Structures are given as structure tokens and as C-alpha cells.
$ cat run-v8.csv   # CSV, C-alpha atoms and all ligand atoms
chain,number,residue,atom,x,y,z
X,20,MET,CA,-28.8,-9.9,87.4
X,21,THR,CA,-30.9,-13.0,88.0
X,22,ALA,CA,-30.8,-15.9,85.5
X,23,ALA,CA,-34.3,-16.7,84.1
X,24,ILE,CA,-32.8,-19.7,82.3
X,25,ASP,CA,-29.8,-21.7,83.3
X,26,VAL,CA,-29.8,-25.0,81.6
X,27,ARG,CA,-26.9,-27.4,80.7
X,28,GLY,CA,-26.5,-30.4,78.4
X,29,LEU,CA,-29.8,-30.2,76.7
X,30,ASN,CA,-30.4,-33.0,74.1
X,31,LYS,CA,-33.4,-34.1,72.1
X,32,SER,CA,-33.9,-36.7,69.4
X,33,PHE,CA,-36.9,-37.5,67.3
X,34,GLY,CA,-36.4,-41.1,66.3
X,35,ASP,CA,-32.8,-41.3,65.1
X,36,LYS,CA,-32.7,-37.6,64.3
X,37,HIS,CA,-30.6,-35.8,66.9
X,38,VAL,CA,-32.2,-32.4,66.7
X,39,VAL,CA,-30.8,-30.5,69.8
X,40,ARG,CA,-27.2,-31.4,70.6
X,41,ASP,CA,-25.7,-30.6,74.0
X,42,VAL,CA,-27.1,-27.1,74.3
X,43,SER,CA,-26.2,-25.2,77.4
X,44,ILE,CA,-27.6,-21.7,77.8
X,45,THR,CA,-28.0,-18.9,80.4
X,46,VAL,CA,-30.5,-16.1,79.8
X,47,GLU,CA,-30.8,-13.2,82.2
X,48,GLU,CA,-34.1,-12.0,83.4
X,49,GLY,CA,-35.6,-9.2,81.3
X,50,ARG,CA,-33.4,-9.9,78.3
X,51,ILE,CA,-34.6,-10.5,74.7
X,52,THR,CA,-32.7,-13.3,73.1
X,53,GLY,CA,-33.0,-14.0,69.4
X,54,PHE,CA,-32.3,-17.5,68.0
X,55,LEU,CA,-31.1,-17.5,64.4
X,56,GLY,CA,-30.2,-20.4,62.2
X,57,PRO,CA,-31.2,-22.1,59.0
X,58,ASN,CA,-34.6,-23.8,58.7
X,59,GLY,CA,-34.6,-27.2,60.5
X,60,SER,CA,-31.6,-26.3,62.7
X,61,GLY,CA,-33.5,-26.9,65.9
X,62,LYS,CA,-34.6,-23.3,67.0
X,63,THR,CA,-38.2,-24.2,67.7
X,64,THR,CA,-37.4,-27.4,69.4
X,65,THR,CA,-34.9,-25.6,71.7
X,66,LEU,CA,-37.5,-23.0,72.6
X,67,ARG,CA,-40.1,-25.6,73.4
X,68,LEU,CA,-37.7,-27.6,75.5
X,69,LEU,CA,-36.8,-24.5,77.5
X,70,CYS,CA,-40.3,-23.8,78.5
X,71,GLY,CA,-41.4,-27.3,79.3
X,72,LEU,CA,-43.6,-27.8,76.2
X,73,LEU,CA,-41.3,-30.8,75.2
X,74,THR,CA,-39.4,-33.2,77.4
X,75,PRO,CA,-35.7,-33.4,76.8
X,76,ASP,CA,-33.8,-36.7,76.6
X,77,SER,CA,-31.1,-35.2,78.9
X,78,GLY,CA,-30.2,-31.9,80.4
X,79,GLU,CA,-30.5,-30.2,83.8
X,80,GLY,CA,-30.9,-26.8,85.2
X,81,GLU,CA,-33.4,-24.1,86.2
X,82,VAL,CA,-35.9,-22.1,84.3
X,83,LEU,CA,-37.6,-19.2,86.3
X,84,GLY,CA,-36.0,-20.6,89.4
X,85,LEU,CA,-37.7,-24.0,89.0
X,86,ASN,CA,-36.2,-27.4,88.2
X,87,PHE,CA,-36.6,-27.6,84.5
X,88,ARG,CA,-37.2,-31.3,84.4
X,89,THR,CA,-39.3,-32.0,87.4
X,90,GLN,CA,-41.3,-28.7,87.5
X,91,SER,CA,-42.1,-28.2,83.9
X,92,GLU,CA,-45.8,-27.8,84.6
X,93,ALA,CA,-45.2,-24.8,86.8
X,94,ILE,CA,-42.8,-23.4,84.2
X,95,LYS,CA,-45.4,-23.8,81.5
X,96,ARG,CA,-48.0,-21.9,83.5
X,97,GLN,CA,-45.6,-18.9,83.6
X,98,THR,CA,-44.8,-19.0,79.9
X,99,GLY,CA,-46.5,-17.3,77.0
X,100,TYR,CA,-46.1,-18.9,73.6
X,101,MET,CA,-46.8,-17.1,70.3
X,102,THR,CA,-46.3,-19.1,67.1
X,103,GLN,CA,-46.3,-17.9,63.5
X,104,ARG,CA,-49.7,-19.5,62.9
X,105,PHE,CA,-51.9,-17.6,65.3
X,106,SER,CA,-54.5,-19.9,66.8
X,107,LEU,CA,-57.2,-17.4,67.1
X,108,TYR,CA,-60.9,-17.7,66.3
X,109,GLU,CA,-61.5,-15.7,63.1
X,110,ASP,CA,-65.3,-15.6,63.6
X,111,MET,CA,-65.0,-14.0,67.0
X,112,THR,CA,-64.2,-10.4,67.8
X,113,ILE,CA,-60.9,-9.3,69.3
X,114,GLU,CA,-62.5,-9.0,72.7
X,115,GLU,CA,-64.3,-12.3,72.5
X,116,ASN,CA,-61.0,-14.0,71.6
X,117,LEU,CA,-59.3,-12.6,74.7
X,118,GLN,CA,-62.2,-13.5,76.9
X,119,PHE,CA,-62.0,-17.0,75.5
X,120,VAL,CA,-58.3,-17.3,76.3
X,121,ALA,CA,-58.9,-15.9,79.8
X,122,ARG,CA,-61.5,-18.7,80.4
X,123,VAL,CA,-59.3,-21.4,79.0
X,124,TYR,CA,-56.5,-20.4,81.3
X,125,GLU,CA,-59.0,-20.1,84.2
X,126,LEU,CA,-57.6,-16.7,85.0
X,127,ASP,CA,-58.9,-14.6,87.9
X,128,ASN,CA,-60.1,-11.0,87.3
X,129,ARG,CA,-61.0,-11.8,83.7
X,130,PRO,CA,-62.8,-8.6,82.7
X,131,ALA,CA,-60.0,-6.5,84.2
X,132,ARG,CA,-57.2,-8.5,82.5
X,133,VAL,CA,-59.0,-8.3,79.1
X,134,ALA,CA,-59.5,-4.6,79.5
X,135,GLU,CA,-55.9,-4.1,80.4
X,136,ALA,CA,-54.6,-6.2,77.5
X,137,LEU,CA,-56.9,-4.2,75.1
X,138,ARG,CA,-55.6,-0.9,76.5
X,139,ARG,CA,-51.9,-1.9,76.5
X,140,LEU,CA,-51.9,-3.1,72.9
X,141,GLY,CA,-54.0,-0.3,71.6
X,142,LEU,CA,-56.8,-2.6,70.6
X,143,GLN,CA,-59.7,-0.8,72.4
X,144,ASP,CA,-61.1,0.9,69.4
X,145,ARG,CA,-61.1,-2.4,67.5
X,146,ARG,CA,-62.4,-4.6,70.3
X,147,SER,CA,-65.6,-5.4,68.3
X,148,GLN,CA,-63.9,-6.2,65.0
X,149,LEU,CA,-63.8,-9.9,63.9
X,150,ALA,CA,-60.3,-11.3,64.2
X,151,GLY,CA,-60.7,-12.8,60.7
X,152,ALA,CA,-61.0,-9.3,59.2
X,153,LEU,CA,-57.8,-7.9,60.7
X,154,SER,CA,-54.6,-7.2,58.8
X,155,GLY,CA,-51.5,-9.2,59.6
X,156,GLY,CA,-50.1,-6.6,61.9
X,157,TRP,CA,-53.3,-6.3,64.0
X,158,LYS,CA,-53.7,-10.1,64.1
X,159,GLN,CA,-50.2,-10.3,65.5
X,160,ARG,CA,-51.0,-7.7,68.1
X,161,LEU,CA,-54.0,-9.7,69.1
X,162,ALA,CA,-51.9,-12.9,69.3
X,163,LEU,CA,-49.4,-11.1,71.5
X,164,ALA,CA,-52.3,-9.9,73.8
X,165,ALA,CA,-53.6,-13.4,74.0
X,166,ALA,CA,-50.1,-14.9,74.7
X,167,THR,CA,-49.4,-12.4,77.5
X,168,LEU,CA,-52.9,-12.3,79.1
X,169,HIS,CA,-51.9,-14.5,82.0
X,170,GLU,CA,-48.9,-12.2,82.7
X,171,PRO,CA,-46.1,-14.7,82.0
X,172,ARG,CA,-42.6,-14.2,83.1
X,173,LEU,CA,-41.2,-15.9,80.0
X,174,LEU,CA,-42.4,-15.3,76.5
X,175,LEU,CA,-41.5,-17.4,73.5
X,176,LEU,CA,-42.0,-15.9,70.0
X,177,ASP,CA,-41.6,-18.3,67.1
X,178,GLU,CA,-41.0,-16.3,64.0
X,179,PRO,CA,-43.4,-13.6,65.2
X,180,THR,CA,-43.3,-11.1,62.4
X,181,ALA,CA,-43.2,-13.3,59.3
X,182,GLY,CA,-45.6,-11.7,56.8
X,183,VAL,CA,-46.1,-8.5,58.8
X,184,ASP,CA,-45.4,-5.0,57.2
X,185,PRO,CA,-42.4,-3.0,58.4
X,186,LYS,CA,-44.4,-0.4,60.4
X,187,ALA,CA,-46.3,-3.1,62.3
X,188,ARG,CA,-43.0,-5.0,62.9
X,189,ARG,CA,-41.4,-1.9,64.4
X,190,GLU,CA,-44.4,-1.3,66.7
X,191,PHE,CA,-44.4,-5.0,67.7
X,192,TRP,CA,-40.7,-4.7,68.7
X,193,ASP,CA,-41.3,-1.5,70.6
X,194,GLU,CA,-44.0,-3.4,72.6
X,195,ILE,CA,-41.7,-6.4,73.2
X,196,HIS,CA,-39.0,-4.0,74.5
X,197,SER,CA,-41.4,-2.3,76.8
X,198,MET,CA,-42.5,-5.7,78.2
X,199,ALA,CA,-38.9,-6.7,78.7
X,200,ALA,CA,-38.2,-3.5,80.5
X,201,ASP,CA,-40.9,-4.6,83.0
X,202,GLY,CA,-38.9,-7.8,83.6
X,203,LEU,CA,-40.3,-10.2,81.0
X,204,THR,CA,-37.7,-12.6,79.5
X,205,VAL,CA,-38.2,-13.1,75.8
X,206,LEU,CA,-36.9,-15.8,73.5
X,207,VAL,CA,-37.5,-15.2,69.8
X,208,SER,CA,-36.7,-17.4,66.8
X,209,THR,CA,-36.3,-15.4,63.6
X,210,HIS,CA,-34.9,-15.4,60.1
X,211,TYR,CA,-34.6,-11.6,59.9
X,212,MET,CA,-31.2,-10.1,60.6
X,213,ASP,CA,-32.8,-6.7,61.4
X,214,GLU,CA,-35.0,-8.4,63.9
X,215,ALA,CA,-32.0,-10.2,65.5
X,216,GLU,CA,-30.3,-6.9,65.8
X,217,ARG,CA,-33.2,-5.6,67.9
X,218,CYS,CA,-32.6,-8.4,70.5
X,219,HIS,CA,-30.3,-7.8,73.4
X,220,ASP,CA,-28.5,-11.2,72.8
X,221,ILE,CA,-28.3,-13.7,70.0
X,222,GLY,CA,-27.9,-17.4,69.9
X,223,TYR,CA,-26.9,-19.0,66.6
X,224,ILE,CA,-28.1,-22.6,66.2
X,225,LEU,CA,-26.7,-24.9,63.5
X,226,PHE,CA,-27.4,-28.6,63.1
X,227,GLY,CA,-28.8,-28.5,66.6
X,228,GLU,CA,-25.7,-26.9,68.2
X,229,LEU,CA,-25.5,-23.5,69.7
X,230,ILE,CA,-22.4,-22.3,68.0
X,231,ALA,CA,-22.4,-18.6,68.8
X,232,ARG,CA,-23.8,-16.7,71.8
X,233,GLY,CA,-23.6,-13.1,73.0
X,234,THR,CA,-24.6,-9.6,71.8
X,235,ALA,CA,-24.3,-8.8,68.1
X,236,GLU,CA,-21.2,-6.7,68.9
X,237,GLU,CA,-19.6,-9.5,70.9
X,238,ILE,CA,-20.2,-12.1,68.1
X,239,VAL,CA,-18.8,-9.7,65.5
X,240,ALA,CA,-15.8,-8.8,67.7
X,241,ARG,CA,-14.9,-12.4,68.3
X,242,SER,CA,-14.8,-13.3,64.7
X,243,ASP,CA,-11.6,-13.3,62.7
X,244,LEU,CA,-13.3,-12.1,59.6
X,245,ALA,CA,-11.9,-9.2,57.5
X,246,THR,CA,-14.3,-7.3,55.2
X,247,PHE,CA,-13.8,-4.8,52.5
X,248,ASN,CA,-16.2,-2.6,50.6
X,249,ALA,CA,-15.7,-1.3,47.1
X,250,GLU,CA,-17.6,1.1,45.0
X,251,GLY,CA,-17.2,1.6,41.3
X,252,PRO,CA,-18.6,0.6,37.8
X,253,ASP,CA,-19.7,-2.9,36.9
X,254,ILE,CA,-19.4,-4.0,40.5
X,255,GLU,CA,-21.4,-7.2,39.9
X,256,GLN,CA,-18.9,-8.4,37.4
X,257,VAL,CA,-16.1,-7.9,39.9
X,258,ALA,CA,-18.2,-9.8,42.5
X,259,ARG,CA,-18.5,-12.7,40.1
X,260,GLU,CA,-14.7,-12.7,39.4
X,261,LEU,CA,-13.8,-12.5,43.0
X,262,GLU,CA,-16.2,-15.2,44.2
X,263,ASP,CA,-14.0,-18.2,43.5
X,264,ARG,CA,-10.6,-16.7,44.3
X,265,PRO,CA,-8.7,-18.3,47.2
X,266,GLY,CA,-9.2,-16.3,50.4
X,267,VAL,CA,-12.6,-15.0,49.4
X,268,LEU,CA,-15.4,-16.5,51.5
X,269,SER,CA,-18.1,-14.3,50.1
X,270,ALA,CA,-18.3,-11.5,47.5
X,271,SER,CA,-21.6,-9.9,46.9
X,272,ALA,CA,-22.9,-6.7,45.3
X,273,PHE,CA,-25.4,-4.5,47.1
X,274,GLY,CA,-26.5,-2.0,44.6
X,275,ALA,CA,-23.4,0.0,43.7
X,276,ALA,CA,-21.3,-1.5,46.5
X,277,LEU,CA,-19.3,-4.7,46.7
X,278,HIS,CA,-18.8,-6.5,50.0
X,279,VAL,CA,-15.9,-9.0,50.2
X,280,SER,CA,-15.0,-11.1,53.2
X,281,GLY,CA,-12.5,-13.7,54.3
X,282,THR,CA,-10.7,-15.0,57.3
X,283,ASP,CA,-7.2,-15.4,55.7
X,284,ARG,CA,-6.3,-11.7,55.4
X,285,PRO,CA,-3.2,-12.1,53.2
X,286,ALA,CA,-5.1,-14.3,50.8
X,287,LEU,CA,-8.0,-11.9,50.8
X,288,GLU,CA,-5.8,-8.9,50.1
X,289,ALA,CA,-4.1,-10.7,47.3
X,290,ALA,CA,-7.4,-11.6,45.8
X,291,ILE,CA,-8.6,-8.0,45.7
X,292,ALA,CA,-5.2,-6.4,44.9
X,293,PRO,CA,-5.8,-6.4,41.1
X,294,TYR,CA,-9.0,-4.3,41.6
X,295,ARG,CA,-7.5,-1.9,44.1
X,296,ARG,CA,-7.1,0.9,41.6
X,297,ALA,CA,-9.2,3.6,40.0
X,298,PRO,CA,-12.1,3.8,39.3
X,299,PHE,CA,-12.8,1.5,42.3
X,300,ARG,CA,-12.8,3.0,45.8
X,301,TRP,CA,-12.0,0.5,48.5
X,302,GLU,CA,-12.2,0.7,52.3
X,303,GLU,CA,-12.0,-1.9,55.0
X,304,VAL,CA,-15.2,-2.1,57.1
X,305,LYS,CA,-16.4,-3.8,60.2
X,306,PRO,CA,-18.1,-7.1,59.3
X,307,SER,CA,-21.8,-7.1,59.7
X,308,LEU,CA,-23.5,-9.7,61.9
X,309,GLU,CA,-24.8,-11.3,58.8
X,310,ASP,CA,-21.2,-11.6,57.4
X,311,VAL,CA,-20.1,-13.3,60.6
X,312,LEU,CA,-23.0,-15.7,60.8
X,313,ILE,CA,-22.6,-16.8,57.1
X,314,GLN,CA,-18.9,-17.4,57.8
X,315,LEU,CA,-19.7,-19.5,61.0
X,316,MET,CA,-22.2,-21.5,59.0
X,317,GLY,CA,-19.6,-22.2,56.3
X,318,ARG,CA,-17.0,-23.3,58.8
X,319,LYS,CA,-19.3,-25.6,60.7
X,320,THR,CA,-20.5,-27.2,57.4
X,321,ASP,CA,-16.8,-27.8,56.5
X,322,ASP,CA,-16.2,-29.4,59.9
X,323,ARG,CA,-19.1,-31.6,59.5
X,324,TYR,CA,-18.1,-32.9,56.1
X,325,ALA,CA,-14.5,-33.2,57.2
X,326,SER,CA,-15.3,-35.5,60.2
M,401,LIG,P1,-36.2,-24.7,63.2
M,401,LIG,O1,-37.1,-24.1,64.2
M,401,LIG,O2,-34.8,-24.3,63.4
M,401,LIG,O3,-36.7,-24.6,61.8
M,401,LIG,P2,-37.1,-27.2,64.3
M,401,LIG,O4,-36.7,-27.2,65.8
M,401,LIG,O5,-38.5,-26.9,64.0
M,401,LIG,O6,-36.1,-26.3,63.5
M,401,LIG,O7,-36.8,-28.6,63.7
M,401,LIG,C1,-35.6,-29.3,63.8
M,401,LIG,C2,-35.7,-30.7,63.1
M,401,LIG,O8,-36.5,-31.5,64.0
M,401,LIG,C3,-36.3,-30.7,61.8
M,401,LIG,O9,-35.7,-31.6,61.0
M,401,LIG,C4,-37.8,-31.1,62.1
M,401,LIG,O10,-38.3,-31.8,60.9
M,401,LIG,C5,-37.6,-32.1,63.2
M,401,LIG,N1,-38.8,-32.1,64.1
M,401,LIG,C6,-39.3,-31.0,64.8
M,401,LIG,N2,-40.4,-31.4,65.5
M,401,LIG,C7,-40.5,-32.7,65.3
M,401,LIG,C8,-41.4,-33.7,65.8
M,401,LIG,N3,-42.4,-33.4,66.7
M,401,LIG,N4,-41.3,-35.0,65.4
M,401,LIG,C9,-40.3,-35.3,64.5
M,401,LIG,N5,-39.4,-34.5,64.0
M,401,LIG,C10,-39.5,-33.2,64.4
$ encode --input "run-v8.csv" --output "C-alpha cells" --more "lines below"
Ligand code: ADP
Amino acid sequence: MTAAIDVRGLNKSFGDKHVVRDVSITVEEGRITGFLGPNGSGKTTTLRLLCGLLTPDSGEGEVLGLNFRTQSEAIKRQTGYMTQRFSLYEDMTIEENLQFVARVYELDNRPARVAEALRRLGLQDRRSQLAGALSGGWKQRLALAAATLHEPRLLLLDEPTAGVDPKARREFWDEIHSMAADGLTVLVSTHYMDEAERCHDIGYILFGELIARGTAEEIVARSDLATFNAEGPDIEQVARELEDRPGVLSASAFGAALHVSGTDRPALEAAIAPYRRAPFRWEEVKPSLEDVLIQLMGRKTDDRYAS
């Protein structure tokens, strides 16, 4: 496997705000990496630094085999960038938008590239529709066509499916996977756990630090979290009672099921012991990615206030 990104010691401040803290990251070619983390944690800034859109204060390494500090112009030319706010011209048709992007990038073989993008993203039949009249899902598809028209090797997607319906999201992800299978390396920032689970790898960013990295399974397997599920009557009341017990990091009701997690197993088991009787049915389950990320967030926040 070849590394598309291999960068170490990345830092970026805006004024006195240290937004990206000593991030080191390797991403293999053709992989889809999802960046998760609360708002303002530095996901977008990290993505922009990696593709040369922003200059870091420090850091070294290679992106697409190029020196990431001295050859950022060449990296930028091979990067596609799609943000949540699609910058398309609403009063132009789909085809005109793509032709315009092709001219701005001064691409060769413009008609062939536009035709190929229309075909690949299933936009042929709608080529004459005004971009402004499209639904969220079709606009997003057009934005993806525009961001990949110059056949980038690296694609950055900043919260790409915010406000898009589930069917369009699924189709969008199918398309991203097919592009990655052809060798495109994709970095995605997202808030959606299901979207993160569609990525090959995950990076969890908190207060500008990359605190977890790997596949969803690896991140879950590395955690020391124990999780129990319970079913029974009035489960929301049990959730409220358990919430503040020692050993319980989180207790939440999902419909008729209760989900309780903690890292101190004896304390957790002691907390749930009074409820481990009929009519409640308990079983230990594997923590979900969301359980683990919530726990990591809590731990990091504690460290921060402790220091
Ligand atoms: P995320 O994508 O995780 O929401 P961002 O990378 O967008 O986080 O932002 C991280 C922090 O950096 C935020 O506090 C944001 O306000 C700040 N920030 C981002 N871009 C700039 C900028 N160009 N100038 C000043 N502050 C910025």
C-alpha cells in the first residue's frame, strides 16, 4: 500500500487560538477516512492543511508524494474540495455549471470531461435543468461532479450530506466508494455516526488533537468500555436513576431498550445490580462506535480540566 498522506507534527493557530495540535497522520491511497469530532474541534482546518489550502505553522511530510510544505500548489491542483455550501451557479444549468468549472480550471478535453462527469453521476437526463431548481440530493451530486471534474487524486468532503435525504445519502456513498476503488483517496468530515461507519478509517479530533485513529472495529476493540443492554417496562425511569450512579458513564433509553456503559466494570455491575431481575432482561453487548467516542470525549474533557 502507498501512503497518499504521511504528515507529522501539524500545528495551526489563528491568533492565540491553537486550533490544530501536533497532528500526525498517515492515510493510504484509495482509503476513505472520516473525521469526527464536536463542532469547532478543528476538522475542517485539518482537512484544509492537508491539501495545501491553508499553510501550517509547523509540520512536515508528504501528500500525494509531494512535499506538503514546499509543493502545496501542486498538491492543490490534484485535490477536489466539496464543502457543505455548494458554490454552484443557481441560474445556470447542470451542464453549464460543469462547463464553467472546466474553464476555470483550464482543463483540457473539456466537452469529453463534462460528458463523462454527466454520465458517471447519472446527470445526463437532467443536464438542462437549472441548478437552482434541483433537490438537495441532486445538487450534491452536481457538486461532486464539479469537485471531481479535474480527476483529482485526493478528495475532501466537508460535511457532504448535511440536509440530504437518506436515499440520496446512500447513493452518494456508493459513488464515493466506487471512486475510492479506482484509487481516489477521500477525507470526509462528518457529524453522522452512520456516515463514519461507511468510511474505511476514522480519525476522532477533539480540541485540535487527533485522539483516536483506525477502523471503527479497531477503535471499539481498543476501548476499555463495558456496555450492557436492558429491556423491560419504564426503562426511561431506570435510565434516569442509573445516570448519576458511580461507575455509569452513560445510561440512555432507545425506545424500549436501555444502554448503559462504563469503564470501571465492578462499579458498573454494582450500579446495575439492583435492576438485574425480572421483568428486566439484561445482556452484555459490544460497545458501539458512538459509545466509545462519547467516552473518549468525556475522558479528554476531564484531562483538560484536571491539568
Ligand atoms: P470543525 O470543522 O471541527 O467544526 P474548524 O476547523 O472549522 O472546526 O474550526 C476550529 C476552530 O478554529 C474554531 O474555533 C473556528 O472558529 C476557528 N477557525 C477556523 N477557521 C478560522 C479562521 N480562518 N480564522 C480564525 N479562526 C478560525
$ residues_near_ligand --input "run-v8.csv" --ligand "ligand LIG 401 (chain M)" --cutoff "8 Å" --atoms "all atoms listed in the file" --output "PDB file with C-alpha atoms, in the coordinates of the input"
ATOM      1  CA  SER X  32     -33.900 -36.700  69.400  1.00  0.00           C
ATOM      2  CA  PHE X  33     -36.900 -37.500  67.300  1.00  0.00           C
ATOM      3  CA  GLY X  34     -36.400 -41.100  66.300  1.00  0.00           C
ATOM      4  CA  LYS X  36     -32.700 -37.600  64.300  1.00  0.00           C
ATOM      5  CA  HIS X  37     -30.600 -35.800  66.900  1.00  0.00           C
ATOM      6  CA  VAL X  38     -32.200 -32.400  66.700  1.00  0.00           C
ATOM      7  CA  VAL X  39     -30.800 -30.500  69.800  1.00  0.00           C
ATOM      8  CA  LEU X  55     -31.100 -17.500  64.400  1.00  0.00           C
ATOM      9  CA  GLY X  56     -30.200 -20.400  62.200  1.00  0.00           C
ATOM     10  CA  PRO X  57     -31.200 -22.100  59.000  1.00  0.00           C
ATOM     11  CA  ASN X  58     -34.600 -23.800  58.700  1.00  0.00           C
ATOM     12  CA  GLY X  59     -34.600 -27.200  60.500  1.00  0.00           C
ATOM     13  CA  SER X  60     -31.600 -26.300  62.700  1.00  0.00           C
ATOM     14  CA  GLY X  61     -33.500 -26.900  65.900  1.00  0.00           C
ATOM     15  CA  LYS X  62     -34.600 -23.300  67.000  1.00  0.00           C
ATOM     16  CA  THR X  63     -38.200 -24.200  67.700  1.00  0.00           C
ATOM     17  CA  THR X  64     -37.400 -27.400  69.400  1.00  0.00           C
ATOM     18  CA  THR X  65     -34.900 -25.600  71.700  1.00  0.00           C
ATOM     19  CA  ASP X 177     -41.600 -18.300  67.100  1.00  0.00           C
ATOM     20  CA  SER X 208     -36.700 -17.400  66.800  1.00  0.00           C
ATOM     21  CA  ILE X 224     -28.100 -22.600  66.200  1.00  0.00           C
ATOM     22  CA  GLY X 227     -28.800 -28.500  66.600  1.00  0.00           C
TER      23      GLY X 227
END
$ closest_residue --input "run-v8.csv" --among "X:Val42, X:Ala23, X:Ala136, X:Ala187" --to "X:Leu83" --atoms "only C-alpha atoms"
X:Ala23
$ atom_distance --input "run-v8.csv" --atom1 "atom CA of X:Ala240" --atom2 "atom CA of X:Lys305"
9.0 Å
$ atom_distance --input "run-v8.csv" --atom1 "atom CA of X:Ile195" --atom2 "atom CA of X:Ala231"
23.3 Å
$ closest_residue --input "run-v8.csv" --among "X:Val205, X:Val239, X:Ala165, X:Asn128" --to "X:Leu66" --atoms "all atoms listed in the file"
X:Val205
$ residues_around --input "run-v8.csv" --residues "X:Glu190" --least-positions-apart "5" --cutoff "10 Å" --atoms "only C-alpha atoms" --output "PyMOL selection string"
chain X and resi 140+156+160+185+195-196
$ write_last_selection --input "run-v8.csv" --atoms "C-alpha atoms" --output "mmCIF file, in the coordinates of the input"
data_model
loop_
_atom_site.group_PDB
_atom_site.id
_atom_site.type_symbol
_atom_site.label_atom_id
_atom_site.label_comp_id
_atom_site.auth_asym_id
_atom_site.auth_seq_id
_atom_site.Cartn_x
_atom_site.Cartn_y
_atom_site.Cartn_z
ATOM 1 C CA LEU X 140 -51.900 -3.100 72.900
ATOM 2 C CA GLY X 156 -50.100 -6.600 61.900
ATOM 3 C CA ARG X 160 -51.000 -7.700 68.100
ATOM 4 C CA PRO X 185 -42.400 -3.000 58.400
ATOM 5 C CA ILE X 195 -41.700 -6.400 73.200
ATOM 6 C CA HIS X 196 -39.000 -4.000 74.500
#
$ residues_around --input "run-v8.csv" --residues "X:Asp41" --least-positions-apart "5" --cutoff "6 Å" --atoms "all atoms listed in the file" --output "compact mmCIF listing (two decimals) with C-alpha atoms, keeping the file's coordinate frame"
# COMPACT_ATOMS: atom_id res chain seq x y z
CA GLY X 28 -26.50 -30.40 78.40
CA LEU X 29 -29.80 -30.20 76.70
CA ASN X 30 -30.40 -33.00 74.10
$ atom_distance --input "run-v8.csv" --atom1 "atom CA of X:Gly151" --atom2 "atom CA of X:Val133"
19.0 Å
$ closest_residue --input "run-v8.csv" --among "X:Val267, X:Ile24, X:Ala134, X:Leu68" --to "X:Glu115" --atoms "only C-alpha atoms"
X:Ala134
$ closest_residue --input "run-v8.csv" --among "X:Tyr294, X:Ile230, X:Asn248, X:His219" --to "X:Ala272" --atoms "only C-alpha atoms"
X:Asn248
$ closest_residue --input "run-v8.csv" --among "X:Met101, X:Met111, X:Phe191, X:Leu137" --to "X:Ala162" --atoms "all atoms listed in the file"
X:Met101
$ closest_residue --input "run-v8.csv" --among "X:Lys186, X:Arg300, X:Arg27, X:His169" --to "X:Pro252" --atoms "all atoms listed in the file"
X:Arg300
$ closest_atom_pairs --input "run-v8.csv" --of "stretch 137-229 of chain X" --to "stretch 50-54 of chain X" --cutoff "6 Å" --atoms "all atoms listed in the file" --output "CSV"
residue,atom,partner,partner_atom,distance
X:Thr204,CA,X:Arg50,CA,5.2
X:Val205,CA,X:Ile51,CA,4.6
X:Leu206,CA,X:Thr52,CA,4.9
X:Val207,CA,X:Gly53,CA,4.7
X:Ser208,CA,X:Phe54,CA,4.6
X:Ala215,CA,X:Gly53,CA,5.5
X:Cys218,CA,X:Ile51,CA,5.1
X:His219,CA,X:Ile51,CA,5.2
X:Asp220,CA,X:Thr52,CA,4.7
X:Ile221,CA,X:Gly53,CA,4.7
X:Gly222,CA,X:Phe54,CA,4.8
X:Tyr223,CA,X:Phe54,CA,5.8
$ residues_around --input "run-v8.csv" --residues "X:Arg259" --least-positions-apart "5" --cutoff "12 Å" --atoms "all atoms listed in the file" --output "list in words"
Asp253, Ile254, Arg264, Val267, Ser269, Ala270, Ser271, Ala272, Leu277, His278 and Val279 of chain X
$ residues_around --input "run-v8.csv" --residues "X:Gly155" --least-positions-apart "4" --cutoff "8 Å" --atoms "only C-alpha atoms" --output "list in words"
Gln159, Gly182, Val183 and Asp184 of chain X
$ residues_near_point --input "run-v8.csv" --point "(-47.9, -16.9, 79.4)" --cutoff "8 Å" --atoms "all atoms listed in the file" --output "PyMOL selection string"
chain X and resi 95-100+166-174
$ residues_around --input "run-v8.csv" --residues "X:Val304" --least-positions-apart "5" --cutoff "9 Å" --atoms "only C-alpha atoms" --output "MDAnalysis selection string"
chainID X and resid 245:248
